[in-house]
Amino acid sequence: EVLLPFGLQNQVDAYLKAHLSRKSMNKERFPRSSSCSNLTTDGGLHEQKEPLTPRSVVAEGILRRKSLQLHNKQEDWQESSEGQKMQEFRRSLPAYKERDALLDVISQNQVVVVSGETGCGKTTQLPQYILESEIDAARGAACNIICTQPRRISAMAVAERVAAERGEKLGESVGYKVRLEGMKGRDTRLLFCTTGILLRRLLVDRNLKGVTHVIVDEIHERGMNEDFLLIVLKELLPRRPELRLILMSATLNAELFSSYFGAAPMIHIPGFTYPVRSHFLENILEMTGHRLSPFNQIDNYGQEKMWKMQKQALRKRKSQITSAVEDALEAADFMEYSPRTQESLSCWIPDSIGFNLIELVLCHICRKERPGAILVFMTGWDDINSLKNQLQAHPLLGDPSKVLLLACHGSMASSEQRLIFDNPEDGIRKIVLATNMAETSITINDVVFVVDCGKAKETSYDALNNTPCLLPSWISKASARQRRGRAGRVQPGECYHLYPRCVYEAFADYQLPELLRTPLQSLCLQIKSLKLGSISEFLSSALQPPEPLSVQNAMEYLKIIGALDEDENLTVLGQNLSMLPVEPKLGKMLILGAIFNCLNPIMTVVAGLSVRDPFLMPFDKKDLAGSAKAQLSARDYSDHLALVRAYEGWKDAERHQSGCEYCWRNFLSAQTLKAMDSLRKQFFFLLKDTGLVDSMESCNAWSHDEHFIRAIICAGLFPGICSVVKKEKSMQLKTMEDGPVLLYSNSVNAQEPKIPYPWLVFNEKVKVNSVFLRDSTAVSDSVVLLFGGNVSRGGLDGHLKMLQGYLEFFMKPALAVTYLSLKRELEELIQNK
Ligand code: CDP
Ligand code: MG
C-alpha cells in the first residue's frame, strides 16, 4: 500500500503497457462497431476503410459510376427552381469570376495562397469549385478534400451552408467534424473540420492517405494550430507530390505564406463592399450630446495602475515610440480599464461621462438609425452574457418582441448559431453580441451597424515567470479594419469604435502569432508523438519560431508530469496523453482516474475544466450565486468537488424532469452542463479505445471517496500548487514562482477566512494585475508527498529531492524531515523484501 503511490509513475507505466498490448489484441478480434466509429482517438477523421483508389479496371468502373451519380444528382438540383436561385447567388460572389483561374493554378501547383476580402466566397466556394471540377472530370468519387477552420462553430456553419448550396443534407458529399460532433458519411468528399482534428489525424496517418486536397483557412489569424500544421504539411509535401495545399487568408499578408512555401503562387480575389463610416469615441460623444472630460482629470477614474500596465504593453509592441504615439498614449489615459470592467459595461468609457454602450445601442442606433442588424464586438463569453442580460432587462429596450438579441461565441450550441444568419422580419431589430470570431470566419449578411469595443481577449505568455496571462487587450489595426468591414455587406454601414482615434493610431499593425504568446506543452507533446525529431529544431522552422525559453519551460513541464523521460523520449503515459484531446495535465488526471477506479467524478472535473465553468456569476446577483456555490461545495474547500456535486445534482434533477429548475436555483448553466455531459461520454469512449477501461461499473469503486478524488486531482494538477500560510486573522497564499497570489472571487476558497489545509492545487493561474488562481482544491501534506510529481524522474531519490526542494522553499522543513524518515523506512522495507 505504501509502495504503490511512491512508485506511482512506474506502476502507471507498467499498467498502461499491459493495457496497450491487450488493446491491440482486442482490436483484431472485435472490429469496432460502427456506432462509435466517429469517436476514435483521431476524432473519427481517419478512414476505417481503404479510400477508393483506382487500382484495377473494376475499381475504376465503380469510381466512374459513382462520379456519374454525383454528377447527375447535381444537375437535377441545379435545374430545380431553388437550385437555380442558389446558382444565381453563387455566381454573384466575387470568387466566381476567378473560378477558372483558381482551378487552373491549383492544378498546376502544389501550393497556392488565396486571399480576398471576407465574404467574397473563399470558404464556401473554393472547396466546392474543386469538388465540382473533379466531379466533371469523372474523378468526383476519388477526390477527398479537407478544409480546416480555426473554430468549431465556423466548421459547422460552413459545412451546413455548403451542403445547402448543393441541395444536400449534411453528411452526404459534404460533412464536418469537430471535437464533440460530426456529420460525415461514406460518400463525404468534402470535409470541414477544425485544425485540431486534422492534426490528430496526422498522428495516426502521417501521409494523409487518400486525401487529395488540404485547404487551410483563415491562416492570417496565425493560430498556434495553423502555424504548427503548416510546418507539418511543409514536411509532408515532398512525400505526397500529388497532394494539393491551398492556403486561404482574409487580409493581405499573403507574401509571408507564399515565401514560406518557396514562392508559391498567390491569387487575390478582388472584393466588393459598401463604404462604411467610422465614428471614433470623440465623434460618438458629440453625436449623442455628451461632453468629453478633459484628459487631465484621469486620476478621478481610478484603475490607473491597470491602465499603466496596458500602456506598457502597447509600448513594448511599438519598439520605436514616436512622439505622436507618445501623445496618443497620453491621450488614451482617460480610458478606464479593469479586468472585469463589464460590471459597469461602460466599456472603458469613464462612468462620469454618463454614457455607455447600452445607451449607444438602445437609444442611438435602435431609435434613431435606419433599419439593419447591429453587430457588437465584445471580449468574451462572460461579458457577452452579462451585456445580454442587461439589455434584456433595460427600461429603454421597449417592446421586447421587436428586438432579436443573439449571442455568438466559440462555444455556443449549434442550434443557437443558426439564428444568427437568419434575417428577421421587418420591424424587428437583430442585435448580435459576438467575440472576435465574427471578425473573419463567419459572415452575417444583414449587418449595417458595428460597435467595436476595441478589445479582444488574448492569451499571452510570460516565459520568464512561466505564467500564462489572459487579458482583454487592444486589438490590432488589421482587426479594427476588419470589424468595420462587417458593416458594409449589403448597403453602406456605420462603425462605432468605442475608443478615440488616437488610441487606434497606437494599435499594432497585426496581432502577434499565437505560437509566440502561449505555453507550448500540448504542442511539444504532439511534436514528440508525431516523431518529428528534435522539438527546438522542428519549431525553428516555423513561420515565426517561438522563444527558446518557452520551449524549454514546456519540456521541463512535460518531464515533471512524466510525459517525457530525462532524454526527452515520450513515456507510455506521454503516448497516451497525446491521444487525448485535452491538455496534458487533464489527460493525466483522466488516466489516473481510470487506473485508480474513480473515473466518474474525475471525468466530470476534466470536462468542466476543458469546457468552461458551469457556475454562473451574474454581476447583480453575485452574492446569491456565491452562496449557492458555497452550499454545493459543503465547505470542503474544493471548487472541483463543488463542480462534481453540481453536475451530479443536475443529472439527478434531470431524471426527475427538474433539471432547469435545479440550474436556476443553483446559478448553473444548463448549456455548459450538457456540453460537459457529452464530453464525458467522449472521454469514456476514448479511454475504452485505449483499453484502459471496460465498463462504467468496473472503474468506479472509489468514486465516492473524497480523499481519493482529491489525491487524483492533485496528481493531475501538480506542480500547480500553492502553500497556505496562516496569519493571525487571514491567510497568505504563495507559489514558488510568483510569491503571493490571490484567488478569483468566485472560488469557494476565496470566501473562506481560513483554509484548514496546508496546500491548494490549482488548474490555472492568470496574471492580471496580480497573479490569480482560478479553481482550486485544498489538499493535505500526505497527498502532496504521495501524489505530487513524477516518481520515475531520477528514481525515488530524484523525486524526494524535488519535493524536498518544494517543502524547504515553503518553509516546511519539519515536513521535509518526516518525509526523509518516511523515505528511510521505505528503503528498509524494500531491502527486507
Ligand atoms: O470565406 P469568405 O469570407 O471569403 O466568404 P464565405 O464564407 O465563403 O461567404 C461567401 C458568401 O456566402 C457570404 O458573403 C454570404 O453572403 C454567404 N453565406 C451565407 O449566406 N451563409 C453562410 N452560412 C455563409 C456564407
Ligand atoms: Mg472564410
# chains A, B, ... in the order shown; residues from 1 in each chain; ligands from 1
>>> residues_near_ligand(ligand="ligand 2", cutoff="7 Å", atoms="only C-alpha atoms and all ligand atoms", output="MDAnalysis selection string")
chainID A and resid 118:119 121:123 217:218 440:442
>>> closest_atom_pairs(of="chain A", to="ligand 1", cutoff="8 Å", atoms="only C-alpha atoms and all ligand atoms", output="CSV")
residue,atom,partner,partner_atom_place_in_ligand_line,distance
A:Arg90,CA,ligand 1,12 (O),7.7
A:Leu93,CA,ligand 1,11 (C),6.8
A:Ala95,CA,ligand 1,4 (O),7.8
A:Gly116,CA,ligand 1,4 (O),6.3
A:Glu117,CA,ligand 1,4 (O),6.1
A:Thr118,CA,ligand 1,3 (O),3.5
A:Gly119,CA,ligand 1,5 (O),3.4
A:Cys120,CA,ligand 1,4 (O),4.0
A:Gly121,CA,ligand 1,8 (O),3.3
A:Lys122,CA,ligand 1,4 (O),3.7
A:Thr123,CA,ligand 1,1 (O),3.6
A:Thr124,CA,ligand 1,8 (O),3.6
A:Gln125,CA,ligand 1,8 (O),5.6
A:Leu126,CA,ligand 1,8 (O),7.8
A:Ala157,CA,ligand 1,23 (N),5.5
A:Val158,CA,ligand 1,23 (N),5.5
A:Glu160,CA,ligand 1,23 (N),7.1
A:Arg161,CA,ligand 1,23 (N),4.8
A:Val162,CA,ligand 1,24 (C),7.9
A:Ala250,CA,ligand 1,3 (O),7.0
A:Phe421,CA,ligand 1,21 (N),6.4
A:Thr440,CA,ligand 1,3 (O),6.3
A:Ser441,CA,ligand 1,3 (O),6.3
A:Ile442,CA,ligand 1,7 (O),6.0
A:Thr443,CA,ligand 1,13 (C),5.8
A:Ile444,CA,ligand 1,15 (C),7.1
A:Asn445,CA,ligand 1,16 (O),5.7
A:Arg489,CA,ligand 1,14 (O),7.4
>>> closest_residue(among="A:Gly185, A:Pro758, A:Pro275, A:Pro127", to="Ala487 (chain A)", atoms="only C-alpha atoms")
A:Pro275
>>> select_by_dssp(residues="region 145-230 of chain A", states="helix (DSSP H, G or I)", output="PyMOL selection string")
chain A and resi 152-165+195-204+219-221+224-230
>>> residues_around(residues="Phe667 (chain A)", least_positions_apart="6", cutoff="12 Å", atoms="only C-alpha atoms", output="mmCIF file with C-alpha atoms, in the first residue's frame")
data_model
loop_
_atom_site.group_PDB
_atom_site.id
_atom_site.type_symbol
_atom_site.label_atom_id
_atom_site.label_comp_id
_atom_site.auth_asym_id
_atom_site.auth_seq_id
_atom_site.Cartn_x
_atom_site.Cartn_y
_atom_site.Cartn_z
ATOM 1 C CA ASP A 613 -17.157 26.953 -15.615
ATOM 2 C CA PRO A 614 -20.856 25.965 -15.349
ATOM 3 C CA PHE A 615 -21.242 28.195 -12.294
ATOM 4 C CA LEU A 616 -22.785 31.453 -13.421
ATOM 5 C CA MET A 617 -21.930 34.678 -11.631
ATOM 6 C CA PRO A 618 -24.450 37.271 -12.822
ATOM 7 C CA PHE A 619 -22.980 40.594 -11.857
ATOM 8 C CA LYS A 621 -26.592 38.579 -8.102
ATOM 9 C CA LYS A 622 -23.023 37.732 -7.212
ATOM 10 C CA ASP A 623 -23.785 37.158 -3.549
ATOM 11 C CA LEU A 624 -26.687 34.822 -4.173
ATOM 12 C CA ALA A 625 -24.732 32.892 -6.789
ATOM 13 C CA GLY A 626 -21.733 32.714 -4.480
ATOM 14 C CA SER A 627 -23.718 31.290 -1.623
ATOM 15 C CA ALA A 628 -25.414 28.764 -3.907
ATOM 16 C CA LYS A 629 -21.986 27.556 -4.946
ATOM 17 C CA ALA A 630 -20.767 27.524 -1.366
ATOM 18 C CA GLN A 631 -23.710 25.365 -0.451
ATOM 19 C CA LEU A 632 -22.823 22.887 -3.159
ATOM 20 C CA ALA A 646 -23.288 20.393 -9.153
ATOM 21 C CA TRP A 650 -28.178 18.231 -12.139
ATOM 22 C CA GLY A 659 -33.051 19.999 -14.489
ATOM 23 C CA CYS A 660 -33.957 23.547 -15.455
ATOM 24 C CA GLU A 661 -35.248 24.411 -12.056
ATOM 25 C CA LEU A 673 -23.636 21.067 -18.084
#
>>> atom_distance(atom1="CA of Val204 (chain A)", atom2="CA of Leu530 (chain A)")
8.4 Å
>>> closest_residue(among="A:Arg201, A:Lys651, A:Arg680, A:Arg635", to="Ala750 (chain A)", atoms="only C-alpha atoms")
A:Arg635
>>> residues_around(residues="Leu199 (chain A)", least_positions_apart="2", cutoff="9 Å", atoms="only C-alpha atoms", output="ChimeraX atom specification")
/A:42,194-197,201-203,225,228-229,232,526
>>> write_last_selection(atoms="C-alpha atoms", output="PDB file, in the first residue's frame")
ATOM      1  CA  ASP A  42      -8.244  10.647 -34.154  1.00  0.00           C
ATOM      2  CA  THR A 194     -11.147  22.139 -37.066  1.00  0.00           C
ATOM      3  CA  THR A 195      -7.395  22.393 -37.464  1.00  0.00           C
ATOM      4  CA  GLY A 196      -7.017  20.309 -34.298  1.00  0.00           C
ATOM      5  CA  ILE A 197      -8.895  17.423 -35.885  1.00  0.00           C
ATOM      6  CA  ARG A 201      -5.457  12.567 -37.904  1.00  0.00           C
ATOM      7  CA  LEU A 202      -1.821  13.189 -38.772  1.00  0.00           C
ATOM      8  CA  LEU A 203      -0.933  11.367 -35.549  1.00  0.00           C
ATOM      9  CA  ASN A 225      -2.534  25.026 -34.566  1.00  0.00           C
ATOM     10  CA  PHE A 228       2.005  24.053 -36.456  1.00  0.00           C
ATOM     11  CA  LEU A 229       0.027  22.414 -39.244  1.00  0.00           C
ATOM     12  CA  VAL A 232       3.959  19.517 -40.687  1.00  0.00           C
ATOM     13  CA  GLN A 526       2.245  16.487 -30.218  1.00  0.00           C
TER      14      GLN A 526
END
>>> closest_atom_pairs(of="region 167-274 of chain A", to="region 104-109 of chain A", cutoff="12 Å", atoms="only C-alpha atoms", output="Markdown table")
| residue | atom | partner | partner_atom | distance |
| --- | --- | --- | --- | --- |
| A:Thr212 | CA | A:Ser107 | CA | 11.2 |
| A:His213 | CA | A:Ile106 | CA | 9.6 |
| A:Val214 | CA | A:Ile106 | CA | 11.3 |
| A:Ile215 | CA | A:Ile106 | CA | 11.1 |
| A:Leu237 | CA | A:Asn109 | CA | 11.6 |
| A:Pro241 | CA | A:Asn109 | CA | 10.0 |
| A:Glu242 | CA | A:Asn109 | CA | 9.6 |
| A:Leu243 | CA | A:Asn109 | CA | 9.8 |
| A:Arg244 | CA | A:Ile106 | CA | 7.2 |
| A:Leu245 | CA | A:Ile106 | CA | 8.3 |
| A:Ile246 | CA | A:Ile106 | CA | 7.7 |
| A:Leu247 | CA | A:Ile106 | CA | 10.9 |
| A:Phe261 | CA | A:Asn109 | CA | 11.3 |
| A:Gly262 | CA | A:Asn109 | CA | 11.5 |
| A:Ala263 | CA | A:Asn109 | CA | 11.0 |
| A:Ala264 | CA | A:Asn109 | CA | 7.8 |
| A:Pro265 | CA | A:Val105 | CA | 7.8 |
| A:Met266 | CA | A:Val105 | CA | 9.1 |
| A:Ile267 | CA | A:Val105 | CA | 8.6 |
